[in-house]
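**Student:** Got a structure here, written out as structure tokens. Questions coming.
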Amino acid sequence: MEAIAEYLHDHVSLHFTLGLVELPVYEMPNGIGRLVVPRVLAHTKLVTRNVVALPDGLSLAIEDSQEAAIDAEVDLDRAALMQERLDFWSHFLQQLRLTDPEQQIPKASRKGWLGFMLPAPNGSSWLTVYRDLYKGEVGILLSSNRNTAGEYAMETIAENWAEVRGALGGNAKLTEKDGRPRIIEEHRFAPLSDPQVQAEAFAWLTDRLNAFVNVLRPLVRSAAADYEPKRD
């Protein structure tokens with residue numbers, strides 16, 4: 001139907017219209033006949049095109065619409081937010097010191113989070129370090145892809161949470177989201193736009209990220225090594 005409509009749109013000189021009609025047919029009781037109830041589902045519409053001819057030497061100036069101006073303003077706001085995120089994570093990574101020399105450090109991001117990869121096949125496990133600017137909150141959570149060694153490792157860690165919780169310290173907690181275990185720790189620092197508050201948030205993130213890496217990294221490696229994919 002779309003292809004036919006496009007063809008008619010490109011060949012307006014054909015001088016005919018198109019309609020799509022449905023004809024439901026119902027059997028009448030006692031075999032007295034059939035009832036046909038036609039209805040129009042769609043039809044083409046003739047659109048009038050106006051042509052403006054300008055005298056020689058004159059040109060047509062089209063002013064930006066209000067919608068375009070709003071879109072431009074939104075784009076500027078989005079760009080400013082992305083740059084602010086990049087600056088935030090750049091400053092965090094500049095002062096970050098992890099005690100595990102094997103832990104890879106990601107590059108600064110224009111998103112609201114960073115991913116610190118953990119030793120599971122195919123990059124299926126990582127620590128998400130995030131910031132919620134509006135809540136003034138930063139946090140760390142163990143993340144994984146579904147049906148992978150990373151998810152198996154996360155489930156194994158959750159099963160031994162009492163022991164893991166003691167090793168992590170702080171206020172780490174085990175919750176559930178979308179039927180999956182969720183190991184997370186968060187802290188509010190408001191407002192994060194204040195340089196002093198931001199420095200406190202960086203110090204907290206560094207301390208807790210070190211704990212998460214030192215405790216969870218070897219556990220993920222061990223559990224991922226025992227993972228056996230399900231076979232159909």
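We name chains A, B, ... following the order of the structure tokens; residues begin at 1 in each chain, and ligands are numbered from 1 as shown.
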Could you give me, as number ranges by chain, the residues within 12 Å of Val164 in chain A, counting only C-alpha atoms and dropping anything in the same chain fewer than 6 positions from it?
**Tutor:** A: 154, 156-158, 170, 172-174, 183, 211-212, 214-220
**Student:** Give me every helix (DSSP H, G or I) residue in range 111-226 of chain A, going by DSSP on the backbone, as a PyMOL selection string.
**Tutor:** chain A and resi 121-123+149-159+161-168+195-225
**Student:** What would the file look like if the residues just selected were written as a compact mmCIF listing (two decimals), in the first residue's frame with N, CA and C atoms?
**Tutor:**
```
# COMPACT_ATOMS: atom_id res chain seq x y z
N PRO A 121 34.00 -13.64 30.38
CA PRO A 121 34.09 -13.73 28.91
C PRO A 121 33.16 -12.75 28.20
N ASN A 122 33.65 -12.25 27.06
CA ASN A 122 32.86 -11.40 26.17
C ASN A 122 32.37 -10.12 26.83
N GLY A 123 33.11 -9.63 27.81
CA GLY A 123 32.74 -8.38 28.46
C GLY A 123 31.37 -8.42 29.10
N ALA A 149 28.17 -15.66 31.32
CA ALA A 149 29.01 -15.98 32.47
C ALA A 149 28.97 -14.85 33.50
N GLY A 150 28.84 -13.62 33.02
CA GLY A 150 28.75 -12.48 33.94
C GLY A 150 27.52 -12.54 34.81
N GLU A 151 26.39 -12.92 34.24
CA GLU A 151 25.17 -13.05 35.03
C GLU A 151 25.28 -14.21 36.02
N TYR A 152 25.89 -15.31 35.57
CA TYR A 152 26.09 -16.45 36.47
C TYR A 152 26.96 -16.04 37.65
N ALA A 153 28.01 -15.26 37.39
CA ALA A 153 28.88 -14.80 38.46
C ALA A 153 28.11 -13.91 39.44
N MET A 154 27.26 -13.04 38.91
CA MET A 154 26.48 -12.16 39.77
C MET A 154 25.52 -12.96 40.65
N GLU A 155 24.90 -13.99 40.09
CA GLU A 155 23.99 -14.83 40.86
C GLU A 155 24.76 -15.61 41.94
N THR A 156 25.96 -16.08 41.60
CA THR A 156 26.78 -16.81 42.57
C THR A 156 27.18 -15.91 43.73
N ILE A 157 27.55 -14.68 43.41
CA ILE A 157 27.92 -13.72 44.46
C ILE A 157 26.71 -13.42 45.35
N ALA A 158 25.54 -13.29 44.73
CA ALA A 158 24.33 -13.01 45.50
C ALA A 158 24.00 -14.16 46.45
N GLU A 159 24.26 -15.40 46.02
CA GLU A 159 23.99 -16.55 46.87
C GLU A 159 24.88 -16.57 48.11
N TRP A 161 25.91 -13.76 49.69
CA TRP A 161 25.90 -12.35 50.01
C TRP A 161 26.34 -12.05 51.44
N ALA A 162 26.00 -12.88 52.39
CA ALA A 162 26.36 -12.59 53.78
C ALA A 162 27.87 -12.44 53.92
N GLU A 163 28.62 -13.32 53.30
CA GLU A 163 30.08 -13.25 53.36
C GLU A 163 30.61 -12.08 52.54
N VAL A 164 30.04 -11.90 51.35
CA VAL A 164 30.49 -10.82 50.46
C VAL A 164 30.20 -9.46 51.08
N ARG A 165 29.04 -9.35 51.69
CA ARG A 165 28.64 -8.08 52.32
C ARG A 165 29.65 -7.66 53.39
N GLY A 166 30.11 -8.61 54.18
CA GLY A 166 31.09 -8.29 55.20
C GLY A 166 32.41 -7.83 54.62
N ALA A 167 32.80 -8.43 53.49
CA ALA A 167 34.07 -8.05 52.86
C ALA A 167 33.97 -6.67 52.20
N LEU A 168 32.81 -6.35 51.64
CA LEU A 168 32.65 -5.06 50.97
C LEU A 168 32.60 -3.91 51.96
N PRO A 195 32.08 22.60 43.80
CA PRO A 195 33.40 21.96 43.72
C PRO A 195 33.79 21.20 44.98
N GLN A 196 33.48 21.74 46.15
CA GLN A 196 33.84 21.06 47.39
C GLN A 196 33.03 19.78 47.57
N VAL A 197 31.74 19.85 47.27
CA VAL A 197 30.88 18.67 47.36
C VAL A 197 31.32 17.63 46.33
N GLN A 198 31.69 18.10 45.16
CA GLN A 198 32.15 17.20 44.10
C GLN A 198 33.42 16.46 44.54
N ALA A 199 34.32 17.17 45.21
CA ALA A 199 35.55 16.54 45.70
C ALA A 199 35.22 15.46 46.73
N GLU A 200 34.24 15.71 47.58
CA GLU A 200 33.82 14.71 48.57
C GLU A 200 33.22 13.48 47.87
N ALA A 201 32.45 13.73 46.81
CA ALA A 201 31.85 12.63 46.06
C ALA A 201 32.94 11.80 45.38
N PHE A 202 33.95 12.46 44.83
CA PHE A 202 35.06 11.74 44.19
C PHE A 202 35.79 10.87 45.20
N ALA A 203 36.03 11.40 46.39
CA ALA A 203 36.73 10.64 47.43
C ALA A 203 35.92 9.41 47.84
N TRP A 204 34.61 9.59 47.99
CA TRP A 204 33.76 8.46 48.36
C TRP A 204 33.74 7.41 47.25
N LEU A 205 33.58 7.86 46.00
CA LEU A 205 33.56 6.93 44.87
C LEU A 205 34.87 6.15 44.77
N THR A 206 35.98 6.83 44.96
CA THR A 206 37.28 6.17 44.88
C THR A 206 37.41 5.09 45.94
N ASP A 207 37.02 5.41 47.16
CA ASP A 207 37.12 4.45 48.26
C ASP A 207 36.22 3.24 48.01
N ARG A 208 34.97 3.48 47.62
CA ARG A 208 34.03 2.38 47.45
C ARG A 208 34.32 1.58 46.18
N LEU A 209 34.80 2.25 45.13
CA LEU A 209 35.15 1.53 43.91
C LEU A 209 36.32 0.60 44.17
N ASN A 210 37.29 1.05 44.96
CA ASN A 210 38.40 0.18 45.34
C ASN A 210 37.90 -1.07 46.06
N ALA A 211 36.95 -0.89 46.97
CA ALA A 211 36.41 -2.03 47.71
C ALA A 211 35.68 -2.99 46.77
N PHE A 212 34.86 -2.46 45.87
CA PHE A 212 34.11 -3.30 44.94
C PHE A 212 35.07 -4.06 44.01
N VAL A 213 36.09 -3.38 43.51
CA VAL A 213 37.04 -4.03 42.62
C VAL A 213 37.81 -5.13 43.35
N ASN A 214 38.34 -4.81 44.53
CA ASN A 214 39.17 -5.76 45.27
C ASN A 214 38.39 -6.99 45.72
N VAL A 215 37.12 -6.82 46.04
CA VAL A 215 36.31 -7.95 46.52
C VAL A 215 35.65 -8.70 45.37
N LEU A 216 35.03 -7.98 44.45
CA LEU A 216 34.21 -8.63 43.43
C LEU A 216 35.00 -9.14 42.23
N ARG A 217 36.10 -8.50 41.91
CA ARG A 217 36.86 -8.92 40.73
C ARG A 217 37.31 -10.38 40.82
N PRO A 218 37.95 -10.82 41.91
CA PRO A 218 38.33 -12.24 41.98
C PRO A 218 37.14 -13.18 42.05
N LEU A 219 36.04 -12.73 42.66
CA LEU A 219 34.85 -13.57 42.74
C LEU A 219 34.22 -13.77 41.36
N VAL A 220 34.19 -12.71 40.57
CA VAL A 220 33.66 -12.81 39.21
C VAL A 220 34.53 -13.74 38.37
N ARG A 221 35.84 -13.59 38.48
CA ARG A 221 36.76 -14.43 37.71
C ARG A 221 36.55 -15.91 38.06
N SER A 222 36.44 -16.21 39.35
CA SER A 222 36.29 -17.60 39.78
C SER A 222 34.96 -18.19 39.33
N ALA A 223 33.87 -17.44 39.52
CA ALA A 223 32.55 -17.95 39.14
C ALA A 223 32.42 -18.08 37.63
N ALA A 224 32.95 -17.13 36.88
CA ALA A 224 32.86 -17.17 35.42
C ALA A 224 33.59 -18.39 34.86
N ALA A 225 34.65 -18.81 35.53
CA ALA A 225 35.41 -19.98 35.07
C ALA A 225 34.58 -21.25 35.22
```
**Student:** In terms of the shortest atom-to-atom distance over only C-alpha atoms, which of A:Gly115, A:Gly33, A:Gly169, A:Pro229 is closest to Arg146 in chain A?
**Tutor:** A:Pro229
**Student:** Looking at only C-alpha atoms, which of A:Asp77, A:Glu185, A:Glu27, A:Asp100 is the one that sits closest to Glu137 in chain A?
**Tutor:**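 Ranked by minimum distance to Glu137 in chain A, first place goes to A:Glu185.
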